[in-house]
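Take a look at the structure below.
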Amino acid sequence: MRKFGIHGVLIAVLSAVCADAGTLAIVNADSSAPATAAQAALLATGRFDAVDLIDAYGSSPVLGTLSGYDAVLAYSNRQLWDPTGLGNVLAQYYNLGGKHLTLATYAFSGGPLEIGGAMGSGNYAALTYGSTGDVSGSLVATVPSDLIFANIDLASVSYAHNVNFAHPGLAAGATLLATDGSGVDMIARSANGVIDVNIYPGGANSQATYVLLANTLTSPEPRLTILVLGALAAGFRGWRRSRR
């Protein structure tokens, strides 16, 4: 009976760590058609119970608007209403228990499209503004074992691109996860687990691209997984000693 109990705890905790996000907010400064297309494509991945669009062009969301969501994807394709304020609110959301936060293009392209505030520096930043230019349209993983690439065939990942894409730098303490294969950084995880993806969600992207985006919004951050598994292993060793 005790054996069943410890196995039950292992299954329950691992399931909690690996569970999909329930609700997703797409915070966007974009026109209706591409934002709605991104919403439909992410919902079609089957990873979310609901996907809502939240405007950041004609207004800027407050913390109370975001606090009920399990995950937030923030991106821009038009001028943000309040680039600094939005970055600060996103940081507050994440600090107060937001499970997953991903920023996407053109949030790294500088000027009024760039998400600033707290998200642009310190442990929140993964990709930093450097310059703009076209990218290859491909993805090459630099850490293929990372959980965001689980069940992803990168050869099937294709995304719309143009000369306005960021050629970003890698922030201090961040981990580079993918490039475009031609020297441009495309995906990185910040020191505190925020993921930056240099892909425009509203473009003519393959469905595999949206599955990858969904992975960034649902996969556990590696250090959290290690901590949980370490705690479980220690507990299991203690349980075994108690039975001797």
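Labels used: A, B, ... for chains in the order of the structure tokens, numbers from 1 for residues in each chain, and numbers from 1 for ligands as shown.
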Exercise: Tyr106 (chain A) partners within 8 Å, only C-alpha atoms, chain neighbours under 5 positions left out, as a list in words: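 Using only C-alpha atoms, the neighbours found are Tyr75, Ser76, Asn77, Leu113, Glu114, Asn164, Phe165, Ala166, Asn198, Ile199 and Tyr200 of chain A.
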Convert the current residue selection to file output with all heavy atoms, as an mmCIF file, in the first residue's frame.
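Contents of the output file out_19.cif:
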```
data_model
loop_
_atom_site.group_PDB
_atom_site.id
_atom_site.type_symbol
_atom_site.label_atom_id
_atom_site.label_comp_id
_atom_site.auth_asym_id
_atom_site.auth_seq_id
_atom_site.Cartn_x
_atom_site.Cartn_y
_atom_site.Cartn_z
ATOM 1 N N TYR A 75 3.313 40.078 -28.160
ATOM 2 C CA TYR A 75 4.066 40.427 -29.370
ATOM 3 C C TYR A 75 3.514 41.711 -29.959
ATOM 4 O O TYR A 75 2.452 42.203 -29.563
ATOM 5 C CB TYR A 75 4.005 39.289 -30.397
ATOM 6 C CG TYR A 75 2.717 39.203 -31.197
ATOM 7 C CD1 TYR A 75 2.606 39.822 -32.437
ATOM 8 C CD2 TYR A 75 1.619 38.491 -30.725
ATOM 9 C CE1 TYR A 75 1.437 39.738 -33.178
ATOM 10 C CE2 TYR A 75 0.450 38.399 -31.461
ATOM 11 C CZ TYR A 75 0.360 39.030 -32.694
ATOM 12 O OH TYR A 75 -0.797 38.952 -33.423
ATOM 13 N N SER A 76 4.237 42.259 -30.914
ATOM 14 C CA SER A 76 3.809 43.505 -31.556
ATOM 15 C C SER A 76 4.019 43.426 -33.060
ATOM 16 O O SER A 76 4.920 42.751 -33.555
ATOM 17 C CB SER A 76 4.586 44.697 -30.986
ATOM 18 O OG SER A 76 5.977 44.540 -31.246
ATOM 19 N N ASN A 77 3.137 44.134 -33.774
ATOM 20 C CA ASN A 77 3.296 44.335 -35.208
ATOM 21 C C ASN A 77 2.943 45.777 -35.566
ATOM 22 O O ASN A 77 3.091 46.193 -36.696
ATOM 23 C CB ASN A 77 2.390 43.369 -35.989
ATOM 24 C CG ASN A 77 2.626 43.406 -37.481
ATOM 25 O OD1 ASN A 77 3.748 43.622 -37.940
ATOM 26 N ND2 ASN A 77 1.563 43.223 -38.251
ATOM 27 N N LEU A 113 7.751 49.508 -31.261
ATOM 28 C CA LEU A 113 7.303 48.113 -31.289
ATOM 29 C C LEU A 113 7.958 47.279 -30.193
ATOM 30 O O LEU A 113 7.497 46.171 -29.889
ATOM 31 C CB LEU A 113 7.594 47.461 -32.646
ATOM 32 C CG LEU A 113 6.592 47.711 -33.776
ATOM 33 C CD1 LEU A 113 6.646 49.148 -34.240
ATOM 34 C CD2 LEU A 113 6.863 46.763 -34.944
ATOM 35 N N GLU A 114 9.014 47.789 -29.603
ATOM 36 C CA GLU A 114 9.779 47.008 -28.639
ATOM 37 C C GLU A 114 9.119 47.040 -27.263
ATOM 38 O O GLU A 114 8.768 48.107 -26.749
ATOM 39 C CB GLU A 114 11.201 47.550 -28.529
ATOM 40 C CG GLU A 114 12.083 46.732 -27.598
ATOM 41 C CD GLU A 114 13.520 47.227 -27.584
ATOM 42 O OE1 GLU A 114 13.797 48.269 -28.209
ATOM 43 O OE2 GLU A 114 14.354 46.568 -26.948
ATOM 44 N N ASN A 164 12.307 43.512 -41.372
ATOM 45 C CA ASN A 164 12.057 44.153 -40.084
ATOM 46 C C ASN A 164 12.311 43.229 -38.896
ATOM 47 O O ASN A 164 12.132 43.647 -37.747
ATOM 48 C CB ASN A 164 10.613 44.660 -40.027
ATOM 49 C CG ASN A 164 10.337 45.734 -41.058
ATOM 50 O OD1 ASN A 164 11.136 46.652 -41.225
ATOM 51 N ND2 ASN A 164 9.225 45.603 -41.760
ATOM 52 N N PHE A 165 12.724 42.005 -39.158
ATOM 53 C CA PHE A 165 13.011 41.086 -38.057
ATOM 54 C C PHE A 165 14.238 41.561 -37.281
ATOM 55 O O PHE A 165 15.160 42.163 -37.839
ATOM 56 C CB PHE A 165 13.271 39.672 -38.588
ATOM 57 C CG PHE A 165 12.066 38.789 -38.560
ATOM 58 C CD1 PHE A 165 10.882 39.183 -39.157
ATOM 59 C CD2 PHE A 165 12.093 37.556 -37.942
ATOM 60 C CE1 PHE A 165 9.764 38.376 -39.138
ATOM 61 C CE2 PHE A 165 10.983 36.729 -37.913
ATOM 62 C CZ PHE A 165 9.806 37.159 -38.502
ATOM 63 N N ALA A 166 14.239 41.261 -36.011
ATOM 64 C CA ALA A 166 15.373 41.635 -35.168
ATOM 65 C C ALA A 166 16.582 40.760 -35.471
ATOM 66 O O ALA A 166 16.452 39.574 -35.785
ATOM 67 C CB ALA A 166 14.994 41.498 -33.701
ATOM 68 N N ASN A 198 11.999 34.961 -31.687
ATOM 69 C CA ASN A 198 12.117 35.942 -32.761
ATOM 70 C C ASN A 198 11.328 35.475 -33.991
ATOM 71 O O ASN A 198 11.864 35.332 -35.092
ATOM 72 C CB ASN A 198 13.597 36.160 -33.097
ATOM 73 C CG ASN A 198 13.816 37.371 -33.986
ATOM 74 O OD1 ASN A 198 12.972 38.235 -34.104
ATOM 75 N ND2 ASN A 198 14.987 37.414 -34.622
ATOM 76 N N ILE A 199 10.040 35.230 -33.776
ATOM 77 C CA ILE A 199 9.113 34.813 -34.827
ATOM 78 C C ILE A 199 7.829 35.613 -34.641
ATOM 79 O O ILE A 199 7.368 35.813 -33.515
ATOM 80 C CB ILE A 199 8.815 33.304 -34.748
ATOM 81 C CG1 ILE A 199 10.068 32.494 -35.113
ATOM 82 C CG2 ILE A 199 7.661 32.914 -35.684
ATOM 83 C CD1 ILE A 199 9.918 30.999 -34.928
ATOM 84 N N TYR A 200 7.223 36.051 -35.744
ATOM 85 C CA TYR A 200 5.984 36.810 -35.705
ATOM 86 C C TYR A 200 4.795 35.844 -35.696
ATOM 87 O O TYR A 200 4.565 35.128 -36.680
ATOM 88 C CB TYR A 200 5.926 37.741 -36.915
ATOM 89 C CG TYR A 200 4.589 38.390 -37.174
ATOM 90 C CD1 TYR A 200 3.911 39.078 -36.166
ATOM 91 C CD2 TYR A 200 4.014 38.330 -38.443
ATOM 92 C CE1 TYR A 200 2.691 39.679 -36.413
ATOM 93 C CE2 TYR A 200 2.797 38.938 -38.700
ATOM 94 C CZ TYR A 200 2.133 39.603 -37.678
ATOM 95 O OH TYR A 200 0.914 40.191 -37.929
#
```
Please, what distance in Å, to one decimal, runs between CA of His167 (chain A) and CA of Ser131 (chain A)?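 Taking CA of His167 (chain A) and CA of Ser131 (chain A), their separation equals 5.1 Å.
Distances to Gln39 (chain A) were evaluated for A:Thr23, A:Gln207, A:Gly202, A:Tyr129 using only C-alpha atoms, and the minimum falls at A:Gly202.
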Using only C-alpha atoms, pick whichever of A:Gly22, A:Leu176, A:Tyr210, A:Ser121 has the shortest atom-to-atom distance to Val143 (chain A). A:Leu176
Could you pull out the residues in region 34-235 of chain A that DSSP calls strand (DSSP E) from the backbone, as JSON, numbers by chain? {"A": [50, 51, 52, 53, 54, 55, 71, 72, 73, 74, 75, 76, 100, 101, 102, 103, 104, 127, 128, 129, 130, 131, 132, 140, 141, 166, 167, 168, 169, 170, 175, 176, 177, 178, 179, 185, 186, 187, 188, 189, 195, 196, 197]}
Excluding region 25-37 of chain A and residues on its chain fewer than 6 positions from it, collect all residues at most 9 Å away from it, counting only C-alpha atoms, and give them as an mmCIF file with all heavy atoms, in the first residue's frame.
```cif
data_model
loop_
_atom_site.group_PDB
_atom_site.id
_atom_site.type_symbol
_atom_site.label_atom_id
_atom_site.label_comp_id
_atom_site.auth_asym_id
_atom_site.auth_seq_id
_atom_site.Cartn_x
_atom_site.Cartn_y
_atom_site.Cartn_z
ATOM 1 N N ALA A 50 -8.544 27.615 -23.555
ATOM 2 C CA ALA A 50 -9.051 28.858 -24.131
ATOM 3 C C ALA A 50 -7.883 29.748 -24.505
ATOM 4 O O ALA A 50 -6.841 29.739 -23.836
ATOM 5 C CB ALA A 50 -9.958 29.587 -23.135
ATOM 6 N N VAL A 51 -8.041 30.506 -25.592
ATOM 7 C CA VAL A 51 -7.029 31.466 -26.041
ATOM 8 C C VAL A 51 -7.741 32.785 -26.303
ATOM 9 O O VAL A 51 -8.631 32.860 -27.163
ATOM 10 C CB VAL A 51 -6.307 30.984 -27.316
ATOM 11 C CG1 VAL A 51 -5.286 32.027 -27.773
ATOM 12 C CG2 VAL A 51 -5.640 29.633 -27.098
ATOM 13 N N ASP A 52 -7.371 33.825 -25.574
ATOM 14 C CA ASP A 52 -8.017 35.133 -25.695
ATOM 15 C C ASP A 52 -7.038 36.162 -26.237
ATOM 16 O O ASP A 52 -5.836 36.110 -25.952
ATOM 17 C CB ASP A 52 -8.519 35.612 -24.331
ATOM 18 C CG ASP A 52 -9.593 34.706 -23.747
ATOM 19 O OD1 ASP A 52 -10.299 34.042 -24.536
ATOM 20 O OD2 ASP A 52 -9.723 34.668 -22.510
ATOM 21 N N LEU A 53 -7.569 37.107 -27.005
ATOM 22 C CA LEU A 53 -6.780 38.224 -27.517
ATOM 23 C C LEU A 53 -6.956 39.432 -26.611
ATOM 24 O O LEU A 53 -8.081 39.786 -26.239
ATOM 25 C CB LEU A 53 -7.214 38.581 -28.939
ATOM 26 C CG LEU A 53 -6.999 37.509 -30.011
ATOM 27 C CD1 LEU A 53 -7.571 37.992 -31.344
ATOM 28 C CD2 LEU A 53 -5.527 37.176 -30.167
ATOM 29 N N ILE A 54 -5.849 40.082 -26.253
ATOM 30 C CA ILE A 54 -5.875 41.282 -25.420
ATOM 31 C C ILE A 54 -5.101 42.381 -26.145
ATOM 32 O O ILE A 54 -3.938 42.198 -26.510
ATOM 33 C CB ILE A 54 -5.265 41.003 -24.036
ATOM 34 C CG1 ILE A 54 -6.127 39.971 -23.284
ATOM 35 C CG2 ILE A 54 -5.143 42.287 -23.223
ATOM 36 C CD1 ILE A 54 -5.578 39.576 -21.939
ATOM 37 N N ASP A 55 -5.764 43.505 -26.348
ATOM 38 C CA ASP A 55 -5.201 44.593 -27.145
ATOM 39 C C ASP A 55 -4.100 45.346 -26.403
ATOM 40 O O ASP A 55 -4.236 45.668 -25.224
ATOM 41 C CB ASP A 55 -6.311 45.570 -27.512
ATOM 42 C CG ASP A 55 -5.800 46.739 -28.329
ATOM 43 O OD1 ASP A 55 -5.041 46.503 -29.286
ATOM 44 O OD2 ASP A 55 -6.156 47.894 -28.009
ATOM 45 N N ALA A 56 -2.985 45.600 -27.103
ATOM 46 C CA ALA A 56 -1.915 46.440 -26.565
ATOM 47 C C ALA A 56 -1.576 47.567 -27.535
ATOM 48 O O ALA A 56 -0.544 48.217 -27.389
ATOM 49 C CB ALA A 56 -0.668 45.604 -26.281
ATOM 50 N N TYR A 57 -2.476 47.789 -28.527
ATOM 51 C CA TYR A 57 -2.288 48.863 -29.500
ATOM 52 C C TYR A 57 -3.141 50.079 -29.150
ATOM 53 O O TYR A 57 -2.642 51.196 -29.039
ATOM 54 C CB TYR A 57 -2.651 48.362 -30.902
ATOM 55 C CG TYR A 57 -2.706 49.444 -31.955
ATOM 56 C CD1 TYR A 57 -1.549 50.092 -32.365
ATOM 57 C CD2 TYR A 57 -3.923 49.806 -32.548
ATOM 58 C CE1 TYR A 57 -1.598 51.084 -33.339
ATOM 59 C CE2 TYR A 57 -3.979 50.782 -33.519
ATOM 60 C CZ TYR A 57 -2.822 51.425 -33.915
ATOM 61 O OH TYR A 57 -2.868 52.410 -34.868
ATOM 62 N N GLY A 58 -4.437 49.863 -28.935
ATOM 63 C CA GLY A 58 -5.326 50.962 -28.600
ATOM 64 C C GLY A 58 -5.422 51.222 -27.116
ATOM 65 O O GLY A 58 -6.053 52.193 -26.684
ATOM 66 N N SER A 60 -3.511 49.520 -23.050
ATOM 67 C CA SER A 60 -2.476 48.648 -22.493
ATOM 68 C C SER A 60 -3.069 47.893 -21.309
ATOM 69 O O SER A 60 -3.709 48.495 -20.440
ATOM 70 C CB SER A 60 -1.262 49.468 -22.040
ATOM 71 O OG SER A 60 -0.130 48.641 -21.839
ATOM 72 N N PRO A 61 -2.906 46.567 -21.267
ATOM 73 C CA PRO A 61 -3.545 45.781 -20.205
ATOM 74 C C PRO A 61 -2.952 46.072 -18.835
ATOM 75 O O PRO A 61 -1.767 46.379 -18.701
ATOM 76 C CB PRO A 61 -3.271 44.341 -20.629
ATOM 77 C CG PRO A 61 -2.040 44.407 -21.466
ATOM 78 C CD PRO A 61 -2.125 45.720 -22.186
ATOM 79 N N LEU A 66 -4.466 40.282 -16.714
ATOM 80 C CA LEU A 66 -3.619 39.129 -17.037
ATOM 81 C C LEU A 66 -3.580 38.083 -15.934
ATOM 82 O O LEU A 66 -3.264 36.915 -16.198
ATOM 83 C CB LEU A 66 -2.189 39.594 -17.310
ATOM 84 C CG LEU A 66 -1.991 40.635 -18.413
ATOM 85 C CD1 LEU A 66 -0.514 40.946 -18.572
ATOM 86 C CD2 LEU A 66 -2.584 40.157 -19.726
ATOM 87 N N TYR A 69 -4.750 34.285 -16.139
ATOM 88 C CA TYR A 69 -4.292 33.402 -17.217
ATOM 89 C C TYR A 69 -3.099 32.553 -16.769
ATOM 90 O O TYR A 69 -2.232 33.003 -16.041
ATOM 91 C CB TYR A 69 -3.899 34.217 -18.453
ATOM 92 C CG TYR A 69 -5.100 34.819 -19.157
ATOM 93 C CD1 TYR A 69 -5.506 36.123 -18.874
ATOM 94 C CD2 TYR A 69 -5.829 34.087 -20.077
ATOM 95 C CE1 TYR A 69 -6.609 36.677 -19.504
ATOM 96 C CE2 TYR A 69 -6.935 34.629 -20.716
ATOM 97 C CZ TYR A 69 -7.319 35.927 -20.422
ATOM 98 O OH TYR A 69 -8.421 36.462 -21.042
ATOM 99 N N ASP A 70 -3.081 31.320 -17.271
ATOM 100 C CA ASP A 70 -1.969 30.420 -16.973
ATOM 101 C C ASP A 70 -0.723 30.764 -17.774
ATOM 102 O O ASP A 70 0.397 30.467 -17.350
ATOM 103 C CB ASP A 70 -2.374 28.972 -17.266
ATOM 104 C CG ASP A 70 -3.516 28.512 -16.400
ATOM 105 O OD1 ASP A 70 -3.350 28.512 -15.169
ATOM 106 O OD2 ASP A 70 -4.580 28.162 -16.939
ATOM 107 N N ALA A 71 -0.907 31.343 -18.958
ATOM 108 C CA ALA A 71 0.230 31.674 -19.819
ATOM 109 C C ALA A 71 -0.092 32.937 -20.596
ATOM 110 O O ALA A 71 -1.259 33.229 -20.891
ATOM 111 C CB ALA A 71 0.541 30.527 -20.776
ATOM 112 N N VAL A 72 0.956 33.685 -20.940
ATOM 113 C CA VAL A 72 0.811 34.910 -21.727
ATOM 114 C C VAL A 72 1.836 34.901 -22.849
ATOM 115 O O VAL A 72 3.029 34.648 -22.618
ATOM 116 C CB VAL A 72 0.999 36.171 -20.856
ATOM 117 C CG1 VAL A 72 1.088 37.423 -21.730
ATOM 118 C CG2 VAL A 72 -0.143 36.311 -19.853
ATOM 119 N N LEU A 73 1.356 35.172 -24.063
ATOM 120 C CA LEU A 73 2.211 35.417 -25.225
ATOM 121 C C LEU A 73 2.042 36.880 -25.594
ATOM 122 O O LEU A 73 0.920 37.341 -25.823
ATOM 123 C CB LEU A 73 1.795 34.531 -26.396
ATOM 124 C CG LEU A 73 2.411 34.861 -27.760
ATOM 125 C CD1 LEU A 73 3.923 34.634 -27.755
ATOM 126 C CD2 LEU A 73 1.751 34.040 -28.873
ATOM 127 N N ALA A 74 3.128 37.642 -25.636
ATOM 128 C CA ALA A 74 3.066 39.066 -25.958
ATOM 129 C C ALA A 74 3.906 39.343 -27.203
ATOM 130 O O ALA A 74 5.055 38.897 -27.286
ATOM 131 C CB ALA A 74 3.561 39.908 -24.785
ATOM 132 N N TYR A 75 3.313 40.078 -28.160
ATOM 133 C CA TYR A 75 4.066 40.427 -29.370
ATOM 134 C C TYR A 75 3.514 41.711 -29.959
ATOM 135 O O TYR A 75 2.452 42.203 -29.563
ATOM 136 C CB TYR A 75 4.005 39.289 -30.397
ATOM 137 C CG TYR A 75 2.717 39.203 -31.197
ATOM 138 C CD1 TYR A 75 2.606 39.822 -32.437
ATOM 139 C CD2 TYR A 75 1.619 38.491 -30.725
ATOM 140 C CE1 TYR A 75 1.437 39.738 -33.178
ATOM 141 C CE2 TYR A 75 0.450 38.399 -31.461
ATOM 142 C CZ TYR A 75 0.360 39.030 -32.694
ATOM 143 O OH TYR A 75 -0.797 38.952 -33.423
ATOM 144 N N SER A 76 4.237 42.259 -30.914
ATOM 145 C CA SER A 76 3.809 43.505 -31.556
ATOM 146 C C SER A 76 4.019 43.426 -33.060
ATOM 147 O O SER A 76 4.920 42.751 -33.555
ATOM 148 C CB SER A 76 4.586 44.697 -30.986
ATOM 149 O OG SER A 76 5.977 44.540 -31.246
ATOM 150 N N ASN A 77 3.137 44.134 -33.774
ATOM 151 C CA ASN A 77 3.296 44.335 -35.208
ATOM 152 C C ASN A 77 2.943 45.777 -35.566
ATOM 153 O O ASN A 77 3.091 46.193 -36.696
ATOM 154 C CB ASN A 77 2.390 43.369 -35.989
ATOM 155 C CG ASN A 77 2.626 43.406 -37.481
ATOM 156 O OD1 ASN A 77 3.748 43.622 -37.940
ATOM 157 N ND2 ASN A 77 1.563 43.223 -38.251
ATOM 158 N N ARG A 78 2.449 46.501 -34.563
ATOM 159 C CA ARG A 78 2.179 47.928 -34.667
ATOM 160 C C ARG A 78 2.687 48.599 -33.388
ATOM 161 O O ARG A 78 3.132 47.934 -32.467
ATOM 162 C CB ARG A 78 0.673 48.184 -34.834
ATOM 163 C CG ARG A 78 0.089 47.589 -36.084
ATOM 164 C CD ARG A 78 -1.292 48.162 -36.387
ATOM 165 N NE ARG A 78 -2.299 47.715 -35.450
ATOM 166 C CZ ARG A 78 -3.590 48.072 -35.516
ATOM 167 N NH1 ARG A 78 -3.989 48.904 -36.476
ATOM 168 N NH2 ARG A 78 -4.463 47.619 -34.641
ATOM 169 N N GLN A 79 2.617 49.901 -33.370
ATOM 170 C CA GLN A 79 3.108 50.640 -32.216
ATOM 171 C C GLN A 79 2.340 50.245 -30.958
ATOM 172 O O GLN A 79 1.112 50.228 -30.923
ATOM 173 C CB GLN A 79 2.950 52.146 -32.454
ATOM 174 C CG GLN A 79 3.418 52.999 -31.293
ATOM 175 C CD GLN A 79 3.391 54.468 -31.628
ATOM 176 O OE1 GLN A 79 3.394 54.851 -32.798
ATOM 177 N NE2 GLN A 79 3.363 55.308 -30.613
ATOM 178 N N LEU A 80 3.072 49.931 -29.916
ATOM 179 C CA LEU A 80 2.466 49.614 -28.626
ATOM 180 C C LEU A 80 1.927 50.876 -27.973
ATOM 181 O O LEU A 80 2.535 51.945 -28.054
ATOM 182 C CB LEU A 80 3.490 48.947 -27.712
ATOM 183 C CG LEU A 80 3.942 47.536 -28.125
ATOM 184 C CD1 LEU A 80 5.295 47.210 -27.502
ATOM 185 C CD2 LEU A 80 2.899 46.506 -27.709
ATOM 186 N N TRP A 81 0.794 50.760 -27.296
ATOM 187 C CA TRP A 81 0.208 51.897 -26.586
ATOM 188 C C TRP A 81 1.160 52.434 -25.522
ATOM 189 O O TRP A 81 1.353 53.633 -25.390
ATOM 190 C CB TRP A 81 -1.107 51.468 -25.956
ATOM 191 C CG TRP A 81 -1.801 52.540 -25.182
ATOM 192 C CD1 TRP A 81 -1.723 52.787 -23.843
ATOM 193 C CD2 TRP A 81 -2.692 53.531 -25.711
ATOM 194 N NE1 TRP A 81 -2.505 53.858 -23.493
ATOM 195 C CE2 TRP A 81 -3.116 54.346 -24.622
ATOM 196 C CE3 TRP A 81 -3.176 53.811 -26.991
ATOM 197 C CZ2 TRP A 81 -4.009 55.406 -24.788
ATOM 198 C CZ3 TRP A 81 -4.063 54.873 -27.158
ATOM 199 C CH2 TRP A 81 -4.462 55.655 -26.063
ATOM 200 N N LEU A 113 7.751 49.508 -31.261
ATOM 201 C CA LEU A 113 7.303 48.113 -31.289
ATOM 202 C C LEU A 113 7.958 47.279 -30.193
ATOM 203 O O LEU A 113 7.497 46.171 -29.889
ATOM 204 C CB LEU A 113 7.594 47.461 -32.646
ATOM 205 C CG LEU A 113 6.592 47.711 -33.776
ATOM 206 C CD1 LEU A 113 6.646 49.148 -34.240
ATOM 207 C CD2 LEU A 113 6.863 46.763 -34.944
ATOM 208 N N PRO A 201 4.024 35.797 -34.615
ATOM 209 C CA PRO A 201 2.934 34.818 -34.529
ATOM 210 C C PRO A 201 1.831 35.012 -35.560
ATOM 211 O O PRO A 201 1.114 34.054 -35.894
ATOM 212 C CB PRO A 201 2.390 35.039 -33.110
ATOM 213 C CG PRO A 201 3.532 35.618 -32.344
ATOM 214 C CD PRO A 201 4.235 36.495 -33.334
ATOM 215 N N GLY A 202 1.659 36.233 -36.079
ATOM 216 C CA GLY A 202 0.561 36.494 -37.002
ATOM 217 C C GLY A 202 0.885 36.252 -38.457
ATOM 218 O O GLY A 202 0.077 36.576 -39.329
ATOM 219 N N GLY A 203 2.036 35.670 -38.748
ATOM 220 C CA GLY A 203 2.438 35.460 -40.134
ATOM 221 C C GLY A 203 1.928 34.162 -40.719
ATOM 222 O O GLY A 203 1.210 33.391 -40.077
ATOM 223 N N ALA A 204 2.307 33.914 -41.964
ATOM 224 C CA ALA A 204 1.949 32.676 -42.651
ATOM 225 C C ALA A 204 2.922 31.592 -42.205
ATOM 226 O O ALA A 204 3.848 31.205 -42.923
ATOM 227 C CB ALA A 204 2.004 32.879 -44.164
#
```
Find, counting only C-alpha atoms, the residue in A:Gly137, A:Gly130, A:Pro220, A:Gly117 that gets nearest to Asp180 (chain A).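 Residue with the minimum atom-to-atom distance to Asp180 (chain A): A:Gly137.
Neighbouring residues of Asn88 (chain A) at 8 Å or closer, counting only C-alpha atoms and skipping chain neighbours under 5 positions away, are Gly116, Gly117, Ala118 and Met119 of chain A.
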Emit the selected residues as a PDB file, in the first residue's frame, including N, CA and C atoms.
```pdb
ATOM      1  N   GLY A 116       9.346  47.227 -23.589  1.00  0.00           N
ATOM      2  CA  GLY A 116      10.415  47.743 -22.744  1.00  0.00           C
ATOM      3  C   GLY A 116      10.162  47.500 -21.274  1.00  0.00           C
ATOM      4  N   GLY A 117      10.404  48.527 -20.469  1.00  0.00           N
ATOM      5  CA  GLY A 117      10.229  48.389 -19.036  1.00  0.00           C
ATOM      6  C   GLY A 117      11.087  47.292 -18.467  1.00  0.00           C
ATOM      7  N   ALA A 118      10.574  46.609 -17.464  1.00  0.00           N
ATOM      8  CA  ALA A 118      11.334  45.558 -16.783  1.00  0.00           C
ATOM      9  C   ALA A 118      11.681  44.403 -17.712  1.00  0.00           C
ATOM     10  N   MET A 119      10.828  44.157 -18.721  1.00  0.00           N
ATOM     11  CA  MET A 119      11.072  43.015 -19.604  1.00  0.00           C
ATOM     12  C   MET A 119      12.286  43.220 -20.499  1.00  0.00           C
TER      13      MET A 119
END
```
Give the alpha helix (DSSP H) residues of region 94-240 of chain A, as assigned by DSSP on the backbone, as a short mmCIF file (atom, residue, chain, number, x, y, z; two decimals) with C-alpha atoms, in the first residue's frame.
```
data_model
loop_
_atom_site.label_atom_id
_atom_site.label_comp_id
_atom_site.auth_asym_id
_atom_site.auth_seq_id
_atom_site.Cartn_x
_atom_site.Cartn_y
_atom_site.Cartn_z
CA TYR A 94 5.34 36.69 -13.98
CA ASN A 95 6.48 37.62 -10.47
CA GLN A 207 1.40 24.62 -37.80
CA ALA A 208 4.63 23.10 -36.46
CA THR A 209 5.71 26.66 -35.66
CA TYR A 210 2.63 27.12 -33.50
CA VAL A 211 3.26 23.81 -31.75
CA LEU A 212 6.73 25.10 -30.94
CA LEU A 213 5.25 28.35 -29.61
CA ALA A 214 2.79 26.30 -27.56
CA ASN A 215 5.71 24.34 -26.12
CA THR A 216 7.34 27.56 -24.93
CA PRO A 222 14.41 23.02 -16.85
CA ARG A 223 15.64 24.23 -13.47
CA LEU A 224 12.15 23.76 -12.00
CA THR A 225 12.02 20.21 -13.32
CA ILE A 226 15.42 19.43 -11.83
CA LEU A 227 14.40 20.84 -8.45
CA VAL A 228 11.16 18.86 -8.41
CA LEU A 229 12.81 15.62 -9.47
CA GLY A 230 15.59 16.17 -6.93
CA ALA A 231 13.06 16.66 -4.16
CA LEU A 232 11.18 13.55 -5.25
CA ALA A 233 14.39 11.51 -5.33
CA ALA A 234 15.33 12.66 -1.82
CA GLY A 235 11.86 11.81 -0.56
CA PHE A 236 11.97 8.41 -2.21
CA ARG A 237 15.36 7.63 -0.61
CA GLY A 238 13.95 8.62 2.78
CA TRP A 239 10.92 6.40 2.23
CA ARG A 240 13.12 3.44 1.33
#
```
